[in-house]
Amino acid sequence: MKLGYYASDKLSLSKTNMRYSRTAPDVSDILPSIRARGVIVPLIVRPIEGGADDEAEIVAGYRRWTADAAARGEGIDHGPLPCAILEPGDDAAAVEASLLENIARLDPDEVNQWETFTRLVKEGRSVEDIGATFGLTDLYVRRILALGNLAPRIRTLYRAGKIDTRTVRHLTLATKAQQKDWLALCDDPEAYAPTGSDLKAWLFGGADIATKVALFPLDGYGGRIVGDLFGEHGYFADAARFWEAQNAAIAARIDTYKAAGWADVEVLEPGKYFYSYEHEKTPKAGGGKVFVTVRHDGSVEFHEGWLTAKEAKKARAEAAKAGASDADRKAADAGKPETTSGLQRYLDLHRHAAVRAVLLDHPGTALRLMLAHAITGSMLWTVRIADQRAGNAATDESVETCAGEAIFDARRREVLALLGFSREAPTVADAHDTAAVFARLLALDDAAILAVAAVVMGETLAVTSPVVDLLGAHLRVDMAALWQADDAFFAGLRDRKIVNAMLREVAGKPVADANLTEKVATQKAIIRDCLAGANNRRKVDGWVPKWLAFPPAAYAGRPLPTLDRWRVVQKLAKALPAPEPAAPPADPAPDQAIGLAANDPDYAVAAE
C-alpha cells in the first residue's frame with residue numbers, strides 16, 4: 001500500500017465497498033469539518049484494472065468522498081483527495097479494508113456485515129480468517145453468515161428494525177417453507193406471527209407432523225391422519241409409523257441419487273443444519289455429493305451438488321496432480337477414513353489373532369514363512385514377540401479373550417512343555433540358552449518341530465504386516481469361527497453411514513431403511529439384538545464385518561489401512577498353491593507333561 005492523491009472526478013465506488021449499491025449516505029456529521037479543512041483521513045482506493053492511470057475506485061471512504069462532493073457543489077474546493085492505494089486485483093483485501101474501516105468508525109447493521117462476509121467467503125476466506133481479521137469470534141462470524149439461510153424479504157425486515165434479533169436467530173433455523181409460512185402470517189392482519197420463544201416453539205412444536213412434509217404418497221399410508229375442521233391441513237396421529245414410512249422414502253430417494261451417478265449421499269444427524277458457507281458447490285460430474293437434512297417436524301431437504309470445504313480442497317489438490325481427466329474420480333474418493341485409529345488397532349489385532357490360530361494347523365506354511373523371515377533379515381537375525389497391546393483396556397481384553405487367542409495360547413503351552421519351559425514363559429526370549437534349546441529341538445521328531453515352528457512363527461508375526469492378509473487369504477481363515485462382535489467393537493463404531501450399512505447386512509435393507517435417520521446408538525442396538533436373537537429379532541449367526549474378512553472390503557469407499565495392506569499382496573495371493581492339509585497338534589513329551597501336571601492341575605486336565 002502507498003499514499004497518493006486522486007482528483008475527485010477520477011474516483012468511483014468499488015463493488016467491494018460495503019456501501020456499494022446503497023443510496024447516498026448521511027454525511028451531515030462530517031460535512032462541516034470537510035467544508036472547513038477538506039478530507040484529512042485518506043480514502044482507501046485501488047487502480048481500476050484496464051482503466052486510465054489517473055482513475056481509481058473507492059474501497060473505503062465513500063462518505064468522505066460524498067461530503068467532499070457536497071462541499072464542491074457549494075463552491076468549496078480543497079483540491080485532490082489523499083488516498084491510500086491498494087494493489088489492483090485483490091478483491092478479498094479490498095473487502096476486508098472496507099469492512100475494517102467501517103466497523104472501526106461506524107457500526108454497520110448485521111445484514112450489511114453478512115453481505116460483506118459473504119463476499120469474503122467467495123474470495124476464499126474461511127470463517128477463522130474473517131474472525132482473526134476483524135477481531136471477532138468464530139461463533140459471531142457463523143451467526144452473521146447464518147443470515148444467508150433467510151429469505152431476502154426477512155433480511156430486509158430485519159435491516160429495517162421490524163424484526164428483533166432473537167426472532168431472526170430462530171428464523172435462521174427455519175426451512176424455506178417455514179419462512180414462507182411465517183411471512184404469510186405477518187401479512188395476515190387477523191393472524192399471529194410468533195416471535196422470540198413463541199417462534200421457536202412454533203418451529204419445533206411437539207410431535208405434530210403435518211402431512212405436507214411426507215415424501216411418500218398418502219393414499220398408500222395405512223396409519224391414521226387427523227384433519228382440522230376445514231380439512232385443509234392434516235397431521236399424522238402415529239409419529240413412529242410416519243417415520244417408518246418417511247425413512248423408507250428417504251432410502252428410496254438415496255438409491256435413486258446413487259443410480260443417477262452422484263458420488264455419495266450423506267444423511268446428517270436429525271436436527272442438524274446444512275450450512276452452505278461450510279461447503280462448496282460441486283456438480284455431479286465433479287464428484288459432488290447430496291446432503292440430506294431431516295428436521296424434527298418430519299420435513300426433509302436434499303441439498304444436491306456440494307462437498308465439504310475439506311473434501312473440495314482435497315479434490316482440487318488431487319486434480320492438480322493427476323490432471324483434469326481424473327478430477328471427477330478423485331473428488332468422489334475424498335473423505336475421512338472409515339475407521340478411527342483405535343478401531344483400526346482393534347481390527348488389526350483380531351485379524352492377527354485369527355490368522356496365527358489357523359497357522360498352527362499348517363506348520364509347513366509356518367516353517368516356510370520362518371525361513372522367509374530369516375532370508376530377508378540381517379545376518380544377526382533378531383526375533384521379537386509381536387506387541388498385542390492396543391493402549392485401550394477394552395480392546396486388550398477383547399483380544400485376550402477371543403477364540404483365536406484361546407486356541408493359540410493352549411497350543412503355545414503345549415510347545416512350552418515340549419521345550420521344557422515354564423508355562424508362563426514366551427517361546428522366544430533372550431534369556432534362554434541357545435545350546436540347550438537346540439539340544440532339546442534335536443530330540444524332537446519332525447511333527448513336534450513343525451508344531452514348535454508354527455507357534456514361534458505365530459508369536460513373531462507382525463500385527464500390521466501385509467503378510468497377515470496374505471496368510472489369511474491363503475489359509476482361508478474363517479473369522480466367523482474365531483470372532484464375535486463385542487462391546488469393544490461396538491464402542492469403536494461412530495459413523496452413521498457405516499453403521500447403517502452394517503445394519504443392512506445384518507437385518508436386511510427394509511430394517512436399515514426404516515431406521516435410516518435413527519441415532520447411531522439405536523442402530524447399533526438393533527444390530528446387537530439381531531446377533532443375539534433378542535427383542536423379537538431373528539438371530540443372525542456368523543456375521544463378520546467386511547473390515548475383518550479375508551480378503552477385506554470397505555463400506556464407504558473411504559481410506560482403510562486394512563484394505564491398503566491387502567492391495568499390496570493381492571496379486572501374490574492369486575498365484576499361491578492350495579494350503580497343505582491341517583496337521584494335528586503335537587502331543588507334549590510324556591515326561592514334560594507329567595512334570596507340568598505335578599505343579600499345575602489345570603494343565604494336567606487340559607493335557608488329558
# chains A, B, ... in the order shown; residues from 1 in each chain; ligands from 1
$ residues_around --residues "Leu349 of chain A" --least-positions-apart "2" --cutoff "9 Å" --atoms "only C-alpha atoms" --output "compact mmCIF listing (two decimals) with all heavy atoms, in the first residue's frame"
# COMPACT_ATOMS: atom_id res chain seq x y z
N GLN A 344 -9.18 -49.23 14.25
CA GLN A 344 -8.28 -49.91 13.31
C GLN A 344 -7.35 -50.86 14.06
O GLN A 344 -7.07 -51.97 13.61
CB GLN A 344 -7.47 -48.88 12.52
CG GLN A 344 -6.59 -49.49 11.43
CD GLN A 344 -7.41 -50.24 10.39
OE1 GLN A 344 -8.38 -49.74 9.86
NE2 GLN A 344 -6.99 -51.47 10.10
N ARG A 345 -6.85 -50.43 15.23
CA ARG A 345 -6.00 -51.30 16.03
C ARG A 345 -6.78 -52.54 16.49
O ARG A 345 -6.25 -53.65 16.50
CB ARG A 345 -5.46 -50.53 17.24
CG ARG A 345 -4.46 -51.31 18.10
CD ARG A 345 -3.21 -51.67 17.36
NE ARG A 345 -2.24 -52.34 18.21
CZ ARG A 345 -1.11 -52.91 17.78
NH1 ARG A 345 -0.82 -52.87 16.48
NH2 ARG A 345 -0.28 -53.49 18.62
N TYR A 346 -8.03 -52.36 16.86
CA TYR A 346 -8.90 -53.48 17.24
C TYR A 346 -8.99 -54.47 16.09
O TYR A 346 -8.84 -55.70 16.27
CB TYR A 346 -10.28 -52.95 17.61
CG TYR A 346 -11.33 -54.01 17.90
CD1 TYR A 346 -11.62 -54.39 19.20
CD2 TYR A 346 -12.03 -54.62 16.86
CE1 TYR A 346 -12.58 -55.36 19.46
CE2 TYR A 346 -12.99 -55.59 17.11
CZ TYR A 346 -13.26 -55.96 18.41
OH TYR A 346 -14.20 -56.93 18.66
N LEU A 347 -9.27 -53.99 14.89
CA LEU A 347 -9.40 -54.87 13.71
C LEU A 347 -8.10 -55.59 13.42
O LEU A 347 -8.09 -56.80 13.16
CB LEU A 347 -9.82 -54.03 12.49
CG LEU A 347 -11.16 -53.29 12.59
CD1 LEU A 347 -11.34 -52.39 11.37
CD2 LEU A 347 -12.31 -54.25 12.72
N ARG A 351 -7.69 -59.72 13.51
CA ARG A 351 -7.29 -60.42 12.28
C ARG A 351 -5.99 -61.19 12.51
O ARG A 351 -5.83 -62.33 12.06
CB ARG A 351 -7.14 -59.42 11.13
CG ARG A 351 -8.46 -58.88 10.60
CD ARG A 351 -8.29 -57.61 9.79
NE ARG A 351 -7.42 -57.79 8.64
CZ ARG A 351 -7.81 -58.28 7.47
NH1 ARG A 351 -9.06 -58.63 7.30
NH2 ARG A 351 -6.97 -58.40 6.47
N HIS A 352 -5.05 -60.56 13.23
CA HIS A 352 -3.78 -61.19 13.56
C HIS A 352 -4.00 -62.43 14.42
O HIS A 352 -3.41 -63.51 14.18
CB HIS A 352 -2.90 -60.18 14.28
CG HIS A 352 -1.57 -60.69 14.72
ND1 HIS A 352 -1.37 -61.22 15.98
CD2 HIS A 352 -0.37 -60.76 14.09
CE1 HIS A 352 -0.10 -61.59 16.11
NE2 HIS A 352 0.52 -61.33 14.98
N ALA A 353 -4.87 -62.32 15.44
CA ALA A 353 -5.14 -63.46 16.33
C ALA A 353 -5.75 -64.62 15.57
O ALA A 353 -5.40 -65.79 15.80
CB ALA A 353 -6.07 -63.01 17.46
N ALA A 354 -6.67 -64.32 14.65
CA ALA A 354 -7.31 -65.38 13.87
C ALA A 354 -6.33 -66.05 12.93
O ALA A 354 -6.31 -67.29 12.81
CB ALA A 354 -8.50 -64.80 13.09
N GLN A 388 0.89 -57.14 21.23
CA GLN A 388 -0.56 -57.24 21.07
C GLN A 388 -1.33 -56.24 21.93
O GLN A 388 -2.52 -56.40 22.14
CB GLN A 388 -1.04 -58.66 21.41
CG GLN A 388 -0.61 -59.69 20.36
CD GLN A 388 -1.26 -61.02 20.63
OE1 GLN A 388 -0.93 -61.69 21.60
NE2 GLN A 388 -2.18 -61.41 19.77
N ARG A 389 -0.64 -55.23 22.39
CA ARG A 389 -1.32 -54.21 23.18
C ARG A 389 -1.88 -53.12 22.26
O ARG A 389 -1.25 -52.75 21.28
CB ARG A 389 -0.36 -53.60 24.20
CG ARG A 389 0.12 -54.59 25.27
CD ARG A 389 1.24 -53.99 26.08
NE ARG A 389 2.39 -53.68 25.24
CZ ARG A 389 3.50 -53.09 25.68
NH1 ARG A 389 3.58 -52.71 26.93
NH2 ARG A 389 4.50 -52.85 24.85
N ALA A 390 -3.03 -52.63 22.65
CA ALA A 390 -3.68 -51.58 21.85
C ALA A 390 -3.67 -50.23 22.55
O ALA A 390 -4.02 -49.23 21.95
CB ALA A 390 -5.13 -51.98 21.54
N THR A 395 -10.10 -53.03 24.27
CA THR A 395 -9.58 -53.78 23.13
C THR A 395 -8.62 -54.86 23.60
O THR A 395 -8.64 -55.99 23.09
CB THR A 395 -8.88 -52.82 22.15
OG1 THR A 395 -9.85 -51.92 21.61
CG2 THR A 395 -8.24 -53.59 21.01
N ASP A 396 -7.75 -54.55 24.56
CA ASP A 396 -6.81 -55.55 25.08
C ASP A 396 -7.56 -56.75 25.64
O ASP A 396 -7.20 -57.90 25.38
CB ASP A 396 -5.92 -54.93 26.16
CG ASP A 396 -4.91 -53.94 25.59
OD1 ASP A 396 -4.70 -53.97 24.36
OD2 ASP A 396 -4.36 -53.13 26.35
N VAL A 399 -9.15 -58.91 22.80
CA VAL A 399 -8.21 -59.78 22.10
C VAL A 399 -7.78 -60.95 22.99
O VAL A 399 -7.68 -62.09 22.54
CB VAL A 399 -7.00 -58.97 21.61
CG1 VAL A 399 -5.96 -59.89 20.99
CG2 VAL A 399 -7.44 -57.92 20.60
N VAL A 463 1.74 -57.56 13.68
CA VAL A 463 0.29 -57.35 13.65
C VAL A 463 -0.16 -56.64 12.38
O VAL A 463 -1.16 -57.00 11.75
CB VAL A 463 -0.16 -56.55 14.89
CG1 VAL A 463 -1.63 -56.16 14.79
CG2 VAL A 463 0.08 -57.37 16.16
N THR A 464 0.55 -55.61 11.97
CA THR A 464 0.11 -54.79 10.84
C THR A 464 0.86 -55.11 9.55
O THR A 464 0.91 -54.30 8.63
CB THR A 464 0.29 -53.29 11.16
OG1 THR A 464 1.66 -53.04 11.49
CG2 THR A 464 -0.59 -52.89 12.33
$ select_by_dssp --residues "segment 237-383 of chain A" --states "helix (DSSP H, G or I)" --output "PyMOL selection string"
chain A and resi 239-259+276-278+284-286+309-322+324-333+341-359+363-376
$ residues_around --residues "segment 247-250 of chain A" --least-positions-apart "4" --cutoff "7 Å" --atoms "only C-alpha atoms" --output "JSON, numbers by chain"
{"A": [215, 216, 243, 254, 513, 514, 515, 516, 517]}
$ write_last_selection --atoms "all heavy atoms" --output "short mmCIF file (atom, residue, chain, number, x, y, z; two decimals), in the first residue's frame"
data_model
loop_
_atom_site.label_atom_id
_atom_site.label_comp_id
_atom_site.auth_asym_id
_atom_site.auth_seq_id
_atom_site.Cartn_x
_atom_site.Cartn_y
_atom_site.Cartn_z
N LEU A 215 -42.80 -37.59 2.23
CA LEU A 215 -42.19 -37.88 0.93
C LEU A 215 -42.90 -39.04 0.22
O LEU A 215 -42.60 -39.33 -0.92
CB LEU A 215 -40.71 -38.22 1.10
CG LEU A 215 -39.80 -37.14 1.68
CD1 LEU A 215 -38.37 -37.67 1.81
CD2 LEU A 215 -39.82 -35.90 0.81
N PHE A 216 -43.78 -39.70 0.94
CA PHE A 216 -44.47 -40.87 0.39
C PHE A 216 -45.92 -40.51 0.07
O PHE A 216 -46.48 -39.56 0.63
CB PHE A 216 -44.43 -42.02 1.41
CG PHE A 216 -44.90 -41.63 2.79
CD1 PHE A 216 -46.24 -41.69 3.14
CD2 PHE A 216 -43.99 -41.17 3.73
CE1 PHE A 216 -46.68 -41.33 4.40
CE2 PHE A 216 -44.41 -40.80 5.01
CZ PHE A 216 -45.76 -40.88 5.34
N TRP A 243 -42.51 -42.07 10.73
CA TRP A 243 -41.07 -42.11 10.49
C TRP A 243 -40.65 -43.40 9.77
O TRP A 243 -39.70 -43.39 9.00
CB TRP A 243 -40.32 -41.96 11.81
CG TRP A 243 -40.23 -40.54 12.25
CD1 TRP A 243 -40.81 -39.96 13.33
CD2 TRP A 243 -39.52 -39.49 11.58
NE1 TRP A 243 -40.52 -38.62 13.39
CE2 TRP A 243 -39.72 -38.30 12.32
CE3 TRP A 243 -38.74 -39.43 10.43
CZ2 TRP A 243 -39.17 -37.09 11.95
CZ3 TRP A 243 -38.19 -38.22 10.04
CH2 TRP A 243 -38.41 -37.07 10.80
N ILE A 254 -32.38 -41.95 -1.89
CA ILE A 254 -30.93 -42.14 -1.88
C ILE A 254 -30.52 -43.12 -2.98
O ILE A 254 -29.55 -42.89 -3.71
CB ILE A 254 -30.46 -42.62 -0.50
CG1 ILE A 254 -30.62 -41.49 0.53
CG2 ILE A 254 -29.00 -43.09 -0.55
CD1 ILE A 254 -30.31 -41.91 1.94
N ASP A 513 -33.40 -49.28 6.14
CA ASP A 513 -34.05 -48.09 5.59
C ASP A 513 -35.03 -47.48 6.59
O ASP A 513 -35.13 -46.25 6.72
CB ASP A 513 -34.79 -48.44 4.30
CG ASP A 513 -33.83 -48.74 3.15
OD1 ASP A 513 -32.62 -48.48 3.32
OD2 ASP A 513 -34.29 -49.26 2.12
N ALA A 514 -35.74 -48.33 7.32
CA ALA A 514 -36.73 -47.83 8.28
C ALA A 514 -36.07 -47.09 9.44
O ALA A 514 -36.71 -46.27 10.10
CB ALA A 514 -37.57 -48.98 8.81
N ASN A 515 -34.80 -47.38 9.70
CA ASN A 515 -34.09 -46.75 10.81
C ASN A 515 -32.99 -45.80 10.32
O ASN A 515 -32.06 -45.49 11.06
CB ASN A 515 -33.47 -47.82 11.71
CG ASN A 515 -34.51 -48.61 12.47
OD1 ASN A 515 -34.98 -48.19 13.52
ND2 ASN A 515 -34.88 -49.77 11.93
N LEU A 516 -33.12 -45.35 9.08
CA LEU A 516 -32.08 -44.54 8.44
C LEU A 516 -31.74 -43.29 9.23
O LEU A 516 -30.58 -42.91 9.35
CB LEU A 516 -32.52 -44.17 7.02
CG LEU A 516 -31.50 -43.43 6.16
CD1 LEU A 516 -30.31 -44.32 5.86
CD2 LEU A 516 -32.14 -42.97 4.86
N THR A 517 -32.73 -42.63 9.80
CA THR A 517 -32.48 -41.37 10.50
C THR A 517 -32.40 -41.54 12.01
O THR A 517 -32.33 -40.55 12.73
CB THR A 517 -33.59 -40.36 10.17
OG1 THR A 517 -34.86 -40.88 10.59
CG2 THR A 517 -33.64 -40.08 8.67
#
$ residues_around --residues "Trp483 of chain A" --least-positions-apart "2" --cutoff "9 Å" --atoms "only C-alpha atoms" --output "MDAnalysis selection string"
chainID A and resid 350:351 354 402:404 478:481 485:486 542 544
$ write_last_selection --atoms "all heavy atoms" --output "PDB file, in the first residue's frame"
ATOM      1  N   HIS A 350      -7.445 -58.459  16.013  1.00  0.00           N
ATOM      2  CA  HIS A 350      -8.318 -59.625  15.865  1.00  0.00           C
ATOM      3  C   HIS A 350      -8.013 -60.401  14.586  1.00  0.00           C
ATOM      4  O   HIS A 350      -8.083 -61.643  14.580  1.00  0.00           O
ATOM      5  CB  HIS A 350      -9.784 -59.192  15.907  1.00  0.00           C
ATOM      6  CG  HIS A 350     -10.341 -59.116  17.303  1.00  0.00           C
ATOM      7  ND1 HIS A 350     -10.624 -60.225  18.051  1.00  0.00           N
ATOM      8  CD2 HIS A 350     -10.626 -58.050  18.098  1.00  0.00           C
ATOM      9  CE1 HIS A 350     -11.084 -59.866  19.249  1.00  0.00           C
ATOM     10  NE2 HIS A 350     -11.086 -58.547  19.307  1.00  0.00           N
ATOM     11  N   ARG A 351      -7.691 -59.722  13.512  1.00  0.00           N
ATOM     12  CA  ARG A 351      -7.292 -60.422  12.278  1.00  0.00           C
ATOM     13  C   ARG A 351      -5.993 -61.188  12.514  1.00  0.00           C
ATOM     14  O   ARG A 351      -5.826 -62.332  12.058  1.00  0.00           O
ATOM     15  CB  ARG A 351      -7.136 -59.416  11.132  1.00  0.00           C
ATOM     16  CG  ARG A 351      -8.457 -58.877  10.600  1.00  0.00           C
ATOM     17  CD  ARG A 351      -8.286 -57.610   9.789  1.00  0.00           C
ATOM     18  NE  ARG A 351      -7.418 -57.792   8.635  1.00  0.00           N
ATOM     19  CZ  ARG A 351      -7.807 -58.276   7.470  1.00  0.00           C
ATOM     20  NH1 ARG A 351      -9.064 -58.632   7.301  1.00  0.00           N
ATOM     21  NH2 ARG A 351      -6.966 -58.397   6.469  1.00  0.00           N
ATOM     22  N   ALA A 354      -6.669 -64.319  14.649  1.00  0.00           N
ATOM     23  CA  ALA A 354      -7.312 -65.380  13.873  1.00  0.00           C
ATOM     24  C   ALA A 354      -6.334 -66.054  12.927  1.00  0.00           C
ATOM     25  O   ALA A 354      -6.308 -67.292  12.811  1.00  0.00           O
ATOM     26  CB  ALA A 354      -8.496 -64.805  13.090  1.00  0.00           C
ATOM     27  N   CYS A 402     -10.578 -63.626  23.051  1.00  0.00           N
ATOM     28  CA  CYS A 402     -11.199 -64.088  21.811  1.00  0.00           C
ATOM     29  C   CYS A 402     -10.831 -65.550  21.545  1.00  0.00           C
ATOM     30  O   CYS A 402      -9.857 -66.090  22.086  1.00  0.00           O
ATOM     31  CB  CYS A 402     -10.802 -63.201  20.629  1.00  0.00           C
ATOM     32  SG  CYS A 402      -9.096 -63.396  20.063  1.00  0.00           S
ATOM     33  N   ALA A 403     -11.614 -66.217  20.681  1.00  0.00           N
ATOM     34  CA  ALA A 403     -11.412 -67.638  20.397  1.00  0.00           C
ATOM     35  C   ALA A 403     -10.046 -67.907  19.789  1.00  0.00           C
ATOM     36  O   ALA A 403      -9.366 -68.885  20.142  1.00  0.00           O
ATOM     37  CB  ALA A 403     -12.521 -68.129  19.462  1.00  0.00           C
ATOM     38  N   GLY A 404      -9.612 -67.051  18.865  1.00  0.00           N
ATOM     39  CA  GLY A 404      -8.314 -67.253  18.221  1.00  0.00           C
ATOM     40  C   GLY A 404      -7.182 -67.235  19.228  1.00  0.00           C
ATOM     41  O   GLY A 404      -6.261 -68.076  19.182  1.00  0.00           O
ATOM     42  N   ASP A 478     -11.524 -68.418   8.529  1.00  0.00           N
ATOM     43  CA  ASP A 478     -12.957 -68.159   8.753  1.00  0.00           C
ATOM     44  C   ASP A 478     -13.098 -67.319  10.008  1.00  0.00           C
ATOM     45  O   ASP A 478     -13.086 -67.834  11.124  1.00  0.00           O
ATOM     46  CB  ASP A 478     -13.694 -69.490   8.903  1.00  0.00           C
ATOM     47  CG  ASP A 478     -15.189 -69.300   9.131  1.00  0.00           C
ATOM     48  OD1 ASP A 478     -15.666 -68.154   8.980  1.00  0.00           O
ATOM     49  OD2 ASP A 478     -15.869 -70.288   9.465  1.00  0.00           O
ATOM     50  N   MET A 479     -13.246 -66.010   9.847  1.00  0.00           N
ATOM     51  CA  MET A 479     -13.337 -65.121  11.001  1.00  0.00           C
ATOM     52  C   MET A 479     -14.591 -65.394  11.835  1.00  0.00           C
ATOM     53  O   MET A 479     -14.599 -65.176  13.038  1.00  0.00           O
ATOM     54  CB  MET A 479     -13.323 -63.670  10.554  1.00  0.00           C
ATOM     55  CG  MET A 479     -11.962 -63.136  10.118  1.00  0.00           C
ATOM     56  SD  MET A 479     -10.712 -63.161  11.428  1.00  0.00           S
ATOM     57  CE  MET A 479     -11.465 -62.142  12.685  1.00  0.00           C
ATOM     58  N   ALA A 480     -15.645 -65.881  11.197  1.00  0.00           N
ATOM     59  CA  ALA A 480     -16.873 -66.135  11.947  1.00  0.00           C
ATOM     60  C   ALA A 480     -16.673 -67.200  13.020  1.00  0.00           C
ATOM     61  O   ALA A 480     -17.371 -67.206  14.034  1.00  0.00           O
ATOM     62  CB  ALA A 480     -17.989 -66.557  10.990  1.00  0.00           C
ATOM     63  N   ALA A 481     -15.710 -68.113  12.798  1.00  0.00           N
ATOM     64  CA  ALA A 481     -15.445 -69.160  13.782  1.00  0.00           C
ATOM     65  C   ALA A 481     -14.528 -68.691  14.898  1.00  0.00           C
ATOM     66  O   ALA A 481     -14.402 -69.367  15.924  1.00  0.00           O
ATOM     67  CB  ALA A 481     -14.836 -70.376  13.079  1.00  0.00           C
ATOM     68  N   ALA A 485     -18.790 -60.183  17.667  1.00  0.00           N
ATOM     69  CA  ALA A 485     -18.895 -58.756  17.976  1.00  0.00           C
ATOM     70  C   ALA A 485     -19.048 -58.573  19.484  1.00  0.00           C
ATOM     71  O   ALA A 485     -19.870 -59.233  20.114  1.00  0.00           O
ATOM     72  CB  ALA A 485     -20.090 -58.152  17.246  1.00  0.00           C
ATOM     73  N   ASP A 486     -18.243 -57.677  20.058  1.00  0.00           N
ATOM     74  CA  ASP A 486     -18.279 -57.447  21.496  1.00  0.00           C
ATOM     75  C   ASP A 486     -18.405 -55.954  21.779  1.00  0.00           C
ATOM     76  O   ASP A 486     -18.501 -55.125  20.871  1.00  0.00           O
ATOM     77  CB  ASP A 486     -17.032 -58.036  22.176  1.00  0.00           C
ATOM     78  CG  ASP A 486     -15.733 -57.530  21.552  1.00  0.00           C
ATOM     79  OD1 ASP A 486     -15.767 -56.498  20.846  1.00  0.00           O
ATOM     80  OD2 ASP A 486     -14.679 -58.151  21.770  1.00  0.00           O
ATOM     81  N   GLY A 542     -22.907 -66.008  12.486  1.00  0.00           N
ATOM     82  CA  GLY A 542     -21.760 -65.972  11.575  1.00  0.00           C
ATOM     83  C   GLY A 542     -21.514 -64.655  10.879  1.00  0.00           C
ATOM     84  O   GLY A 542     -20.816 -64.620   9.857  1.00  0.00           O
ATOM     85  N   VAL A 544     -19.716 -61.280  10.106  1.00  0.00           N
ATOM     86  CA  VAL A 544     -18.398 -60.669  10.280  1.00  0.00           C
ATOM     87  C   VAL A 544     -18.377 -59.391   9.450  1.00  0.00           C
ATOM     88  O   VAL A 544     -18.743 -59.407   8.269  1.00  0.00           O
ATOM     89  CB  VAL A 544     -17.268 -61.608   9.805  1.00  0.00           C
ATOM     90  CG1 VAL A 544     -15.922 -60.897   9.853  1.00  0.00           C
ATOM     91  CG2 VAL A 544     -17.227 -62.862  10.666  1.00  0.00           C
TER      92      VAL A 544
END
$ select_by_dssp --residues "segment 253-290 of chain A" --states "strand (DSSP E)" --output "short mmCIF file (atom, residue, chain, number, x, y, z; two decimals) with C-alpha atoms, in the first residue's frame"
data_model
loop_
_atom_site.label_atom_id
_atom_site.label_comp_id
_atom_site.auth_asym_id
_atom_site.auth_seq_id
_atom_site.Cartn_x
_atom_site.Cartn_y
_atom_site.Cartn_z
CA VAL A 265 -25.47 -39.25 -0.37
CA GLU A 266 -24.89 -38.27 3.25
CA VAL A 267 -27.74 -38.14 5.78
CA HIS A 279 -19.48 -26.33 1.80
CA GLU A 280 -18.55 -25.68 -1.82
CA LYS A 281 -20.97 -26.07 -4.71
CA LYS A 289 -22.48 -35.22 -3.12
CA VAL A 290 -26.05 -34.90 -1.91
#
$ residues_around --residues "Asp409 of chain A" --least-positions-apart "6" --cutoff "10 Å" --atoms "only C-alpha atoms" --output "PyMOL selection string"
chain A and resi 357+400+403+415+423+455
$ closest_residue --among "A:Glu311, A:Asp564, A:Leu470, A:Ala84" --to "Thr365 of chain A" --atoms "only C-alpha atoms"
A:Leu470
$ closest_residue --among "A:Val59, A:Ala67, A:Tyr555, A:Tyr6" --to "Asp29 of chain A" --atoms "only C-alpha atoms"
A:Ala67
$ residues_around --residues "segment 175-185 of chain A" --least-positions-apart "3" --cutoff "8 Å" --atoms "only C-alpha atoms" --output "PyMOL selection string"
chain A and resi 150-151+154+171+188-189+191-194+203
$ write_last_selection --atoms "N, CA and C atoms" --output "CSV table (one decimal), in the first residue's frame"
chain,number,residue,atom,x,y,z
A,150,LEU,N,-31.8,-17.0,5.5
A,150,LEU,CA,-33.1,-16.3,5.5
A,150,LEU,C,-33.5,-15.9,4.1
A,151,ALA,N,-34.8,-15.8,3.9
A,151,ALA,CA,-35.4,-15.3,2.7
A,151,ALA,C,-35.0,-13.8,2.6
A,154,ILE,N,-37.1,-11.3,4.6
A,154,ILE,CA,-36.9,-11.4,6.1
A,154,ILE,C,-35.6,-10.5,6.4
A,171,LEU,N,-35.3,-17.7,13.1
A,171,LEU,CA,-35.7,-17.9,11.7
A,171,LEU,C,-34.6,-18.4,10.9
A,188,ASP,N,-50.9,-11.4,7.2
A,188,ASP,CA,-52.4,-11.5,7.5
A,188,ASP,C,-52.7,-10.7,8.8
A,189,PRO,N,-53.5,-9.7,8.6
A,189,PRO,CA,-53.8,-8.8,9.8
A,189,PRO,C,-54.6,-9.6,10.9
A,191,ALA,N,-54.0,-12.8,11.7
A,191,ALA,CA,-53.2,-13.9,12.2
A,191,ALA,C,-52.1,-13.4,13.1
A,192,TYR,N,-51.5,-14.3,13.8
A,192,TYR,CA,-50.4,-14.0,14.7
A,192,TYR,C,-49.2,-14.7,14.2
A,193,ALA,N,-48.1,-13.9,14.0
A,193,ALA,CA,-46.8,-14.4,13.6
A,193,ALA,C,-46.0,-14.5,14.8
A,194,PRO,N,-45.7,-15.7,15.3
A,194,PRO,CA,-44.9,-15.9,16.5
A,194,PRO,C,-43.5,-15.3,16.4
A,203,LEU,N,-41.6,-23.5,15.5
A,203,LEU,CA,-40.8,-24.2,14.6
A,203,LEU,C,-40.6,-25.6,14.9
$ atom_distance --atom1 "atom CA of Asp54 of chain A" --atom2 "atom CA of Leu31 of chain A"
25.8 Å
$ closest_residue --among "A:Lys524, A:Lys571, A:Arg142, A:Lys272" --to "Met502 of chain A" --atoms "only C-alpha atoms"
A:Lys524
$ atom_distance --atom1 "atom CA of Leu81 of chain A" --atom2 "atom CA of Leu3 of chain A"
10.7 Å
$ residues_around --residues "Glu459 of chain A" --least-positions-apart "4" --cutoff "10 Å" --atoms "only C-alpha atoms" --output "list in words"
Ala353, Arg356, Val383, Arg384, Ile385, Ala386, Asp387, Gln388, Phe408, Arg412, Pro426, Thr427, Val428, Ala453, Ala454, Val455 and Val463 of chain A
$ atom_distance --atom1 "atom CA of Ile30 of chain A" --atom2 "atom CA of Ala160 of chain A"
24.0 Å
$ closest_residue --among "A:Lys258, A:Arg253, A:His296, A:Arg538" --to "Ala201 of chain A" --atoms "only C-alpha atoms"
A:His296
